[in-house]
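The file upload_26.cif contains mmCIF, N, CA, C and O atoms:
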data_input
loop_
_atom_site.group_PDB
_atom_site.id
_atom_site.type_symbol
_atom_site.label_atom_id
_atom_site.label_comp_id
_atom_site.auth_asym_id
_atom_site.auth_seq_id
_atom_site.Cartn_x
_atom_site.Cartn_y
_atom_site.Cartn_z
ATOM 1 N N MET A 1 15.892 24.663 -6.392
ATOM 2 C CA MET A 1 15.295 23.347 -6.322
ATOM 3 C C MET A 1 13.842 23.476 -5.856
ATOM 4 O O MET A 1 13.548 24.190 -4.904
ATOM 5 N N GLU A 2 12.953 22.783 -6.537
ATOM 6 C CA GLU A 2 11.536 22.827 -6.186
ATOM 7 C C GLU A 2 11.286 22.058 -4.899
ATOM 8 O O GLU A 2 11.770 20.955 -4.716
ATOM 9 N N LYS A 3 10.516 22.679 -3.998
ATOM 10 C CA LYS A 3 10.164 22.010 -2.746
ATOM 11 C C LYS A 3 9.068 20.985 -3.003
ATOM 12 O O LYS A 3 8.092 21.269 -3.682
ATOM 13 N N VAL A 4 9.247 19.793 -2.464
ATOM 14 C CA VAL A 4 8.258 18.729 -2.608
ATOM 15 C C VAL A 4 7.089 19.018 -1.678
ATOM 16 O O VAL A 4 7.279 19.360 -0.514
ATOM 17 N N LYS A 5 5.882 18.904 -2.188
ATOM 18 C CA LYS A 5 4.669 19.139 -1.404
ATOM 19 C C LYS A 5 4.200 17.831 -0.785
ATOM 20 O O LYS A 5 4.356 16.759 -1.363
ATOM 21 N N HIS A 6 3.622 17.920 0.381
ATOM 22 C CA HIS A 6 3.074 16.760 1.072
ATOM 23 C C HIS A 6 1.556 16.801 0.948
ATOM 24 O O HIS A 6 0.938 17.845 1.095
ATOM 25 N N LEU A 7 0.960 15.638 0.658
ATOM 26 C CA LEU A 7 -0.489 15.540 0.553
ATOM 27 C C LEU A 7 -0.948 14.361 1.394
ATOM 28 O O LEU A 7 -0.585 13.218 1.114
ATOM 29 N N GLY A 8 -1.711 14.637 2.429
ATOM 30 C CA GLY A 8 -2.292 13.562 3.239
ATOM 31 C C GLY A 8 -3.516 13.019 2.518
ATOM 32 O O GLY A 8 -4.244 13.756 1.862
ATOM 33 N N LEU A 9 -3.741 11.718 2.620
ATOM 34 C CA LEU A 9 -4.854 11.110 1.909
ATOM 35 C C LEU A 9 -5.510 10.065 2.801
ATOM 36 O O LEU A 9 -4.843 9.157 3.288
ATOM 37 N N ARG A 10 -6.805 10.212 3.012
ATOM 38 C CA ARG A 10 -7.563 9.192 3.752
ATOM 39 C C ARG A 10 -8.129 8.220 2.726
ATOM 40 O O ARG A 10 -8.712 8.634 1.725
ATOM 41 N N ILE A 11 -7.960 6.934 2.987
ATOM 42 C CA ILE A 11 -8.386 5.928 2.033
ATOM 43 C C ILE A 11 -8.881 4.697 2.786
ATOM 44 O O ILE A 11 -8.298 4.315 3.805
ATOM 45 N N ASP A 12 -9.968 4.111 2.325
ATOM 46 C CA ASP A 12 -10.509 2.938 3.007
ATOM 47 C C ASP A 12 -9.605 1.725 2.763
ATOM 48 O O ASP A 12 -8.801 1.695 1.834
ATOM 49 N N SER A 13 -9.744 0.723 3.616
ATOM 50 C CA SER A 13 -8.867 -0.454 3.592
ATOM 51 C C SER A 13 -8.923 -1.210 2.269
ATOM 52 O O SER A 13 -7.883 -1.645 1.756
ATOM 53 N N GLU A 14 -10.105 -1.392 1.730
ATOM 54 C CA GLU A 14 -10.252 -2.154 0.483
ATOM 55 C C GLU A 14 -9.569 -1.446 -0.678
ATOM 56 O O GLU A 14 -8.858 -2.068 -1.474
ATOM 57 N N THR A 15 -9.770 -0.138 -0.788
ATOM 58 C CA THR A 15 -9.127 0.632 -1.852
ATOM 59 C C THR A 15 -7.614 0.616 -1.676
ATOM 60 O O THR A 15 -6.868 0.481 -2.648
ATOM 61 N N HIS A 16 -7.141 0.741 -0.439
ATOM 62 C CA HIS A 16 -5.704 0.702 -0.156
ATOM 63 C C HIS A 16 -5.108 -0.641 -0.581
ATOM 64 O O HIS A 16 -4.039 -0.689 -1.210
ATOM 65 N N LYS A 17 -5.799 -1.719 -0.260
ATOM 66 C CA LYS A 17 -5.327 -3.054 -0.625
ATOM 67 C C LYS A 17 -5.214 -3.194 -2.141
ATOM 68 O O LYS A 17 -4.205 -3.694 -2.655
ATOM 69 N N LYS A 18 -6.223 -2.722 -2.853
ATOM 70 C CA LYS A 18 -6.204 -2.810 -4.309
ATOM 71 C C LYS A 18 -5.149 -1.892 -4.909
ATOM 72 O O LYS A 18 -4.475 -2.264 -5.886
ATOM 73 N N LEU A 19 -4.992 -0.704 -4.356
ATOM 74 C CA LEU A 19 -3.968 0.221 -4.828
ATOM 75 C C LEU A 19 -2.574 -0.374 -4.626
ATOM 76 O O LEU A 19 -1.716 -0.278 -5.505
ATOM 77 N N LYS A 20 -2.362 -1.015 -3.483
ATOM 78 C CA LYS A 20 -1.078 -1.659 -3.207
ATOM 79 C C LYS A 20 -0.808 -2.770 -4.221
ATOM 80 O O LYS A 20 0.302 -2.881 -4.748
ATOM 81 N N SER A 21 -1.818 -3.577 -4.522
ATOM 82 C CA SER A 21 -1.667 -4.644 -5.517
ATOM 83 C C SER A 21 -1.352 -4.070 -6.896
ATOM 84 O O SER A 21 -0.494 -4.592 -7.615
ATOM 85 N N LEU A 22 -2.056 -3.011 -7.268
ATOM 86 C CA LEU A 22 -1.817 -2.359 -8.552
ATOM 87 C C LEU A 22 -0.388 -1.818 -8.621
ATOM 88 O O LEU A 22 0.313 -2.003 -9.621
ATOM 89 N N ALA A 23 0.053 -1.168 -7.555
ATOM 90 C CA ALA A 23 1.406 -0.615 -7.500
ATOM 91 C C ALA A 23 2.449 -1.719 -7.628
ATOM 92 O O ALA A 23 3.415 -1.602 -8.394
ATOM 93 N N GLU A 24 2.261 -2.809 -6.902
ATOM 94 C CA GLU A 24 3.203 -3.925 -6.963
ATOM 95 C C GLU A 24 3.231 -4.535 -8.365
ATOM 96 O O GLU A 24 4.301 -4.878 -8.871
ATOM 97 N N PHE A 25 2.088 -4.671 -9.002
ATOM 98 C CA PHE A 25 2.002 -5.208 -10.354
ATOM 99 C C PHE A 25 2.817 -4.358 -11.320
ATOM 100 O O PHE A 25 3.489 -4.876 -12.217
ATOM 101 N N ASP A 26 2.749 -3.031 -11.133
ATOM 102 C CA ASP A 26 3.461 -2.094 -12.007
ATOM 103 C C ASP A 26 4.887 -1.819 -11.549
ATOM 104 O O ASP A 26 5.596 -1.015 -12.160
ATOM 105 N N GLY A 27 5.310 -2.446 -10.448
ATOM 106 C CA GLY A 27 6.670 -2.258 -9.944
ATOM 107 C C GLY A 27 6.907 -0.889 -9.339
ATOM 108 O O GLY A 27 8.006 -0.349 -9.398
ATOM 109 N N ARG A 28 5.862 -0.335 -8.739
ATOM 110 C CA ARG A 28 5.964 0.991 -8.124
ATOM 111 C C ARG A 28 5.619 0.905 -6.645
ATOM 112 O O ARG A 28 4.971 -0.030 -6.206
ATOM 113 N N SER A 29 6.007 1.936 -5.924
ATOM 114 C CA SER A 29 5.522 2.105 -4.561
ATOM 115 C C SER A 29 4.094 2.622 -4.646
ATOM 116 O O SER A 29 3.641 3.065 -5.722
ATOM 117 N N ILE A 30 3.388 2.597 -3.529
ATOM 118 C CA ILE A 30 2.035 3.161 -3.523
ATOM 119 C C ILE A 30 2.091 4.645 -3.875
ATOM 120 O O ILE A 30 1.296 5.135 -4.679
ATOM 121 N N ASN A 31 3.043 5.362 -3.305
ATOM 122 C CA ASN A 31 3.191 6.779 -3.608
ATOM 123 C C ASN A 31 3.460 6.986 -5.097
ATOM 124 O O ASN A 31 2.846 7.853 -5.738
ATOM 125 N N GLY A 32 4.342 6.192 -5.666
ATOM 126 C CA GLY A 32 4.645 6.288 -7.090
ATOM 127 C C GLY A 32 3.434 5.996 -7.950
ATOM 128 O O GLY A 32 3.210 6.638 -8.979
ATOM 129 N N GLU A 33 2.638 5.023 -7.532
ATOM 130 C CA GLU A 33 1.426 4.679 -8.277
ATOM 131 C C GLU A 33 0.413 5.817 -8.222
ATOM 132 O O GLU A 33 -0.203 6.158 -9.237
ATOM 133 N N VAL A 34 0.230 6.410 -7.058
ATOM 134 C CA VAL A 34 -0.701 7.537 -6.924
ATOM 135 C C VAL A 34 -0.246 8.699 -7.813
ATOM 136 O O VAL A 34 -1.057 9.292 -8.535
ATOM 137 N N LEU A 35 1.040 9.017 -7.793
ATOM 138 C CA LEU A 35 1.552 10.092 -8.652
ATOM 139 C C LEU A 35 1.338 9.761 -10.126
ATOM 140 O O LEU A 35 0.929 10.627 -10.914
ATOM 141 N N TYR A 36 1.588 8.523 -10.509
ATOM 142 C CA TYR A 36 1.375 8.096 -11.891
ATOM 143 C C TYR A 36 -0.093 8.278 -12.286
ATOM 144 O O TYR A 36 -0.390 8.829 -13.349
ATOM 145 N N LEU A 37 -1.008 7.829 -11.442
ATOM 146 C CA LEU A 37 -2.433 7.928 -11.752
ATOM 147 C C LEU A 37 -2.894 9.383 -11.828
ATOM 148 O O LEU A 37 -3.691 9.746 -12.705
ATOM 149 N N ILE A 38 -2.384 10.217 -10.931
ATOM 150 C CA ILE A 38 -2.735 11.646 -10.966
ATOM 151 C C ILE A 38 -2.226 12.285 -12.247
ATOM 152 O O ILE A 38 -2.949 13.035 -12.919
ATOM 153 N N ARG A 39 -0.983 11.981 -12.610
ATOM 154 C CA ARG A 39 -0.415 12.553 -13.847
ATOM 155 C C ARG A 39 -1.170 12.074 -15.078
ATOM 156 O O ARG A 39 -1.373 12.839 -16.029
ATOM 157 N N GLN A 40 -1.601 10.810 -15.079
ATOM 158 C CA GLN A 40 -2.397 10.283 -16.188
ATOM 159 C C GLN A 40 -3.726 11.035 -16.296
ATOM 160 O O GLN A 40 -4.161 11.382 -17.392
ATOM 161 N N ALA A 41 -4.372 11.270 -15.161
ATOM 162 C CA ALA A 41 -5.652 11.994 -15.152
ATOM 163 C C ALA A 41 -5.476 13.423 -15.654
ATOM 164 O O ALA A 41 -6.298 13.925 -16.432
ATOM 165 N N ILE A 42 -4.399 14.085 -15.255
ATOM 166 C CA ILE A 42 -4.131 15.453 -15.714
ATOM 167 C C ILE A 42 -3.882 15.466 -17.218
ATOM 168 O O ILE A 42 -4.422 16.308 -17.940
ATOM 169 N N ALA A 43 -3.075 14.523 -17.696
ATOM 170 C CA ALA A 43 -2.775 14.451 -19.132
ATOM 171 C C ALA A 43 -4.048 14.222 -19.946
ATOM 172 O O ALA A 43 -4.251 14.857 -20.997
ATOM 173 N N GLN A 44 -4.915 13.325 -19.478
ATOM 174 C CA GLN A 44 -6.169 13.060 -20.182
ATOM 175 C C GLN A 44 -7.055 14.303 -20.204
ATOM 176 O O GLN A 44 -7.668 14.633 -21.229
ATOM 177 N N HIS A 45 -7.128 15.001 -19.083
ATOM 178 C CA HIS A 45 -7.942 16.211 -19.003
ATOM 179 C C HIS A 45 -7.393 17.276 -19.966
ATOM 180 O O HIS A 45 -8.159 17.902 -20.708
ATOM 181 N N GLU A 46 -6.068 17.473 -19.934
ATOM 182 C CA GLU A 46 -5.474 18.490 -20.797
ATOM 183 C C GLU A 46 -5.617 18.123 -22.275
ATOM 184 O O GLU A 46 -5.795 19.017 -23.117
ATOM 185 N N HIS A 47 -5.548 16.862 -22.593
ATOM 186 C CA HIS A 47 -5.724 16.436 -23.977
ATOM 187 C C HIS A 47 -7.140 16.766 -24.466
ATOM 188 O O HIS A 47 -7.323 17.212 -25.599
ATOM 189 N N LYS A 48 -8.092 16.593 -23.587
ATOM 190 C CA LYS A 48 -9.497 16.831 -23.947
ATOM 191 C C LYS A 48 -9.881 18.315 -23.874
ATOM 192 O O LYS A 48 -10.642 18.811 -24.695
ATOM 193 N N HIS A 49 -9.354 19.028 -22.852
ATOM 194 C CA HIS A 49 -9.830 20.387 -22.561
ATOM 195 C C HIS A 49 -8.775 21.472 -22.695
ATOM 196 O O HIS A 49 -9.087 22.643 -22.484
ATOM 197 N N GLY A 50 -7.541 21.121 -22.985
ATOM 198 C CA GLY A 50 -6.477 22.110 -23.070
ATOM 199 C C GLY A 50 -5.691 22.202 -21.761
ATOM 200 O O GLY A 50 -6.088 21.655 -20.729
ATOM 201 N N SER A 51 -4.568 22.902 -21.837
ATOM 202 C CA SER A 51 -3.644 22.989 -20.712
ATOM 203 C C SER A 51 -4.261 23.637 -19.479
ATOM 204 O O SER A 51 -5.046 24.589 -19.588
ATOM 205 N N LEU A 52 -3.888 23.101 -18.333
ATOM 206 C CA LEU A 52 -4.261 23.702 -17.050
ATOM 207 C C LEU A 52 -3.204 24.725 -16.669
ATOM 208 O O LEU A 52 -2.054 24.614 -17.081
ATOM 209 N N LYS A 53 -3.594 25.666 -15.858
ATOM 210 C CA LYS A 53 -2.638 26.683 -15.384
ATOM 211 C C LYS A 53 -1.799 26.134 -14.269
ATOM 212 O O LYS A 53 -2.164 25.311 -13.509
#
Can I see the file as structure tokens?
Amino acid sequence: MEKVKHLGLRIDSETHKKLKSLAEFDGRSINGEVLYLIRQAIAQHEHKHGSLK
């Protein structure tokens, strides 16, 4: 089983508020929304530049 990694993130109040609203709109937790956005960014990068290692 793959071990889950922990990532601490410092974020300003305004960005946090907007991220929370975005997550709620999409029916996700904030953590789920951050993972979704990161995966989207990786997919876009790989589509443009090829697979990452």
Next item on the list: Report as a PyMOL selection string: the residues of chain A with a DSSP assignment of alpha helix (DSSP H), based on the backbone of this structure.
Entry: chain A and resi 13-25+30-49
What does the file look like for those residues with N, CA, C and O atoms, as a tab-separated table (two decimals), keeping the file's coordinate frame?
chain	number	residue	atom	x	y	z
A	13	SER	N	-9.74	0.72	3.62
A	13	SER	CA	-8.87	-0.45	3.59
A	13	SER	C	-8.92	-1.21	2.27
A	13	SER	O	-7.88	-1.64	1.76
A	14	GLU	N	-10.10	-1.39	1.73
A	14	GLU	CA	-10.25	-2.15	0.48
A	14	GLU	C	-9.57	-1.45	-0.68
A	14	GLU	O	-8.86	-2.07	-1.47
A	15	THR	N	-9.77	-0.14	-0.79
A	15	THR	CA	-9.13	0.63	-1.85
A	15	THR	C	-7.61	0.62	-1.68
A	15	THR	O	-6.87	0.48	-2.65
A	16	HIS	N	-7.14	0.74	-0.44
A	16	HIS	CA	-5.70	0.70	-0.16
A	16	HIS	C	-5.11	-0.64	-0.58
A	16	HIS	O	-4.04	-0.69	-1.21
A	17	LYS	N	-5.80	-1.72	-0.26
A	17	LYS	CA	-5.33	-3.05	-0.62
A	17	LYS	C	-5.21	-3.19	-2.14
A	17	LYS	O	-4.20	-3.69	-2.66
A	18	LYS	N	-6.22	-2.72	-2.85
A	18	LYS	CA	-6.20	-2.81	-4.31
A	18	LYS	C	-5.15	-1.89	-4.91
A	18	LYS	O	-4.47	-2.26	-5.89
A	19	LEU	N	-4.99	-0.70	-4.36
A	19	LEU	CA	-3.97	0.22	-4.83
A	19	LEU	C	-2.57	-0.37	-4.63
A	19	LEU	O	-1.72	-0.28	-5.50
A	20	LYS	N	-2.36	-1.01	-3.48
A	20	LYS	CA	-1.08	-1.66	-3.21
A	20	LYS	C	-0.81	-2.77	-4.22
A	20	LYS	O	0.30	-2.88	-4.75
A	21	SER	N	-1.82	-3.58	-4.52
A	21	SER	CA	-1.67	-4.64	-5.52
A	21	SER	C	-1.35	-4.07	-6.90
A	21	SER	O	-0.49	-4.59	-7.62
A	22	LEU	N	-2.06	-3.01	-7.27
A	22	LEU	CA	-1.82	-2.36	-8.55
A	22	LEU	C	-0.39	-1.82	-8.62
A	22	LEU	O	0.31	-2.00	-9.62
A	23	ALA	N	0.05	-1.17	-7.56
A	23	ALA	CA	1.41	-0.62	-7.50
A	23	ALA	C	2.45	-1.72	-7.63
A	23	ALA	O	3.42	-1.60	-8.39
A	24	GLU	N	2.26	-2.81	-6.90
A	24	GLU	CA	3.20	-3.92	-6.96
A	24	GLU	C	3.23	-4.54	-8.36
A	24	GLU	O	4.30	-4.88	-8.87
A	25	PHE	N	2.09	-4.67	-9.00
A	25	PHE	CA	2.00	-5.21	-10.35
A	25	PHE	C	2.82	-4.36	-11.32
A	25	PHE	O	3.49	-4.88	-12.22
A	30	ILE	N	3.39	2.60	-3.53
A	30	ILE	CA	2.04	3.16	-3.52
A	30	ILE	C	2.09	4.64	-3.88
A	30	ILE	O	1.30	5.14	-4.68
A	31	ASN	N	3.04	5.36	-3.30
A	31	ASN	CA	3.19	6.78	-3.61
A	31	ASN	C	3.46	6.99	-5.10
A	31	ASN	O	2.85	7.85	-5.74
A	32	GLY	N	4.34	6.19	-5.67
A	32	GLY	CA	4.64	6.29	-7.09
A	32	GLY	C	3.43	6.00	-7.95
A	32	GLY	O	3.21	6.64	-8.98
A	33	GLU	N	2.64	5.02	-7.53
A	33	GLU	CA	1.43	4.68	-8.28
A	33	GLU	C	0.41	5.82	-8.22
A	33	GLU	O	-0.20	6.16	-9.24
A	34	VAL	N	0.23	6.41	-7.06
A	34	VAL	CA	-0.70	7.54	-6.92
A	34	VAL	C	-0.25	8.70	-7.81
A	34	VAL	O	-1.06	9.29	-8.54
A	35	LEU	N	1.04	9.02	-7.79
A	35	LEU	CA	1.55	10.09	-8.65
A	35	LEU	C	1.34	9.76	-10.13
A	35	LEU	O	0.93	10.63	-10.91
A	36	TYR	N	1.59	8.52	-10.51
A	36	TYR	CA	1.38	8.10	-11.89
A	36	TYR	C	-0.09	8.28	-12.29
A	36	TYR	O	-0.39	8.83	-13.35
A	37	LEU	N	-1.01	7.83	-11.44
A	37	LEU	CA	-2.43	7.93	-11.75
A	37	LEU	C	-2.89	9.38	-11.83
A	37	LEU	O	-3.69	9.75	-12.70
A	38	ILE	N	-2.38	10.22	-10.93
A	38	ILE	CA	-2.74	11.65	-10.97
A	38	ILE	C	-2.23	12.28	-12.25
A	38	ILE	O	-2.95	13.04	-12.92
A	39	ARG	N	-0.98	11.98	-12.61
A	39	ARG	CA	-0.42	12.55	-13.85
A	39	ARG	C	-1.17	12.07	-15.08
A	39	ARG	O	-1.37	12.84	-16.03
A	40	GLN	N	-1.60	10.81	-15.08
A	40	GLN	CA	-2.40	10.28	-16.19
A	40	GLN	C	-3.73	11.04	-16.30
A	40	GLN	O	-4.16	11.38	-17.39
A	41	ALA	N	-4.37	11.27	-15.16
A	41	ALA	CA	-5.65	11.99	-15.15
A	41	ALA	C	-5.48	13.42	-15.65
A	41	ALA	O	-6.30	13.92	-16.43
A	42	ILE	N	-4.40	14.08	-15.26
A	42	ILE	CA	-4.13	15.45	-15.71
A	42	ILE	C	-3.88	15.47	-17.22
A	42	ILE	O	-4.42	16.31	-17.94
A	43	ALA	N	-3.08	14.52	-17.70
A	43	ALA	CA	-2.78	14.45	-19.13
A	43	ALA	C	-4.05	14.22	-19.95
A	43	ALA	O	-4.25	14.86	-21.00
A	44	GLN	N	-4.92	13.32	-19.48
A	44	GLN	CA	-6.17	13.06	-20.18
A	44	GLN	C	-7.06	14.30	-20.20
A	44	GLN	O	-7.67	14.63	-21.23
A	45	HIS	N	-7.13	15.00	-19.08
A	45	HIS	CA	-7.94	16.21	-19.00
A	45	HIS	C	-7.39	17.28	-19.97
A	45	HIS	O	-8.16	17.90	-20.71
A	46	GLU	N	-6.07	17.47	-19.93
A	46	GLU	CA	-5.47	18.49	-20.80
A	46	GLU	C	-5.62	18.12	-22.28
A	46	GLU	O	-5.80	19.02	-23.12
A	47	HIS	N	-5.55	16.86	-22.59
A	47	HIS	CA	-5.72	16.44	-23.98
A	47	HIS	C	-7.14	16.77	-24.47
A	47	HIS	O	-7.32	17.21	-25.60
A	48	LYS	N	-8.09	16.59	-23.59
A	48	LYS	CA	-9.50	16.83	-23.95
A	48	LYS	C	-9.88	18.32	-23.87
A	48	LYS	O	-10.64	18.81	-24.70
A	49	HIS	N	-9.35	19.03	-22.85
A	49	HIS	CA	-9.83	20.39	-22.56
A	49	HIS	C	-8.78	21.47	-22.70
A	49	HIS	O	-9.09	22.64	-22.48
Which residues are near segment 30-40 of chain A? Cut-off 6 Å, only N, CA, C and O atoms, ignore same chain within fewer than 3 positions. Put them as a CSV table (one decimal) with N, CA, C and O atoms, in the frame of the given file.
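Ended up saving to out_2.csv:
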chain,number,residue,atom,x,y,z
A,19,LEU,N,-5.0,-0.7,-4.4
A,19,LEU,CA,-4.0,0.2,-4.8
A,19,LEU,C,-2.6,-0.4,-4.6
A,19,LEU,O,-1.7,-0.3,-5.5
A,20,LYS,N,-2.4,-1.0,-3.5
A,20,LYS,CA,-1.1,-1.7,-3.2
A,20,LYS,C,-0.8,-2.8,-4.2
A,20,LYS,O,0.3,-2.9,-4.7
A,23,ALA,N,0.1,-1.2,-7.6
A,23,ALA,CA,1.4,-0.6,-7.5
A,23,ALA,C,2.4,-1.7,-7.6
A,23,ALA,O,3.4,-1.6,-8.4
A,43,ALA,N,-3.1,14.5,-17.7
A,43,ALA,CA,-2.8,14.5,-19.1
A,43,ALA,C,-4.0,14.2,-19.9
A,43,ALA,O,-4.3,14.9,-21.0
A,44,GLN,N,-4.9,13.3,-19.5
A,44,GLN,CA,-6.2,13.1,-20.2
A,44,GLN,C,-7.1,14.3,-20.2
A,44,GLN,O,-7.7,14.6,-21.2
A,45,HIS,N,-7.1,15.0,-19.1
A,45,HIS,CA,-7.9,16.2,-19.0
A,45,HIS,C,-7.4,17.3,-20.0
A,45,HIS,O,-8.2,17.9,-20.7
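A straight line drawn from atom CA of Thr15 of chain A to atom CA of Ser29 of chain A is 15.0 Å long.
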Using the file's own x, y and z axes, what box holds all listed atoms of segment 29-36 of chain A with 5 Å on each side, keeping edges along x, y and z, and what are its centre and edge lengths in Å to one decimal, as lines of an AutoDock Vina configuration file?
center_x = 2.5
center_y = 6.3
center_z = -8.3
size_x = 17.1
size_y = 18.7
size_z = 20.0
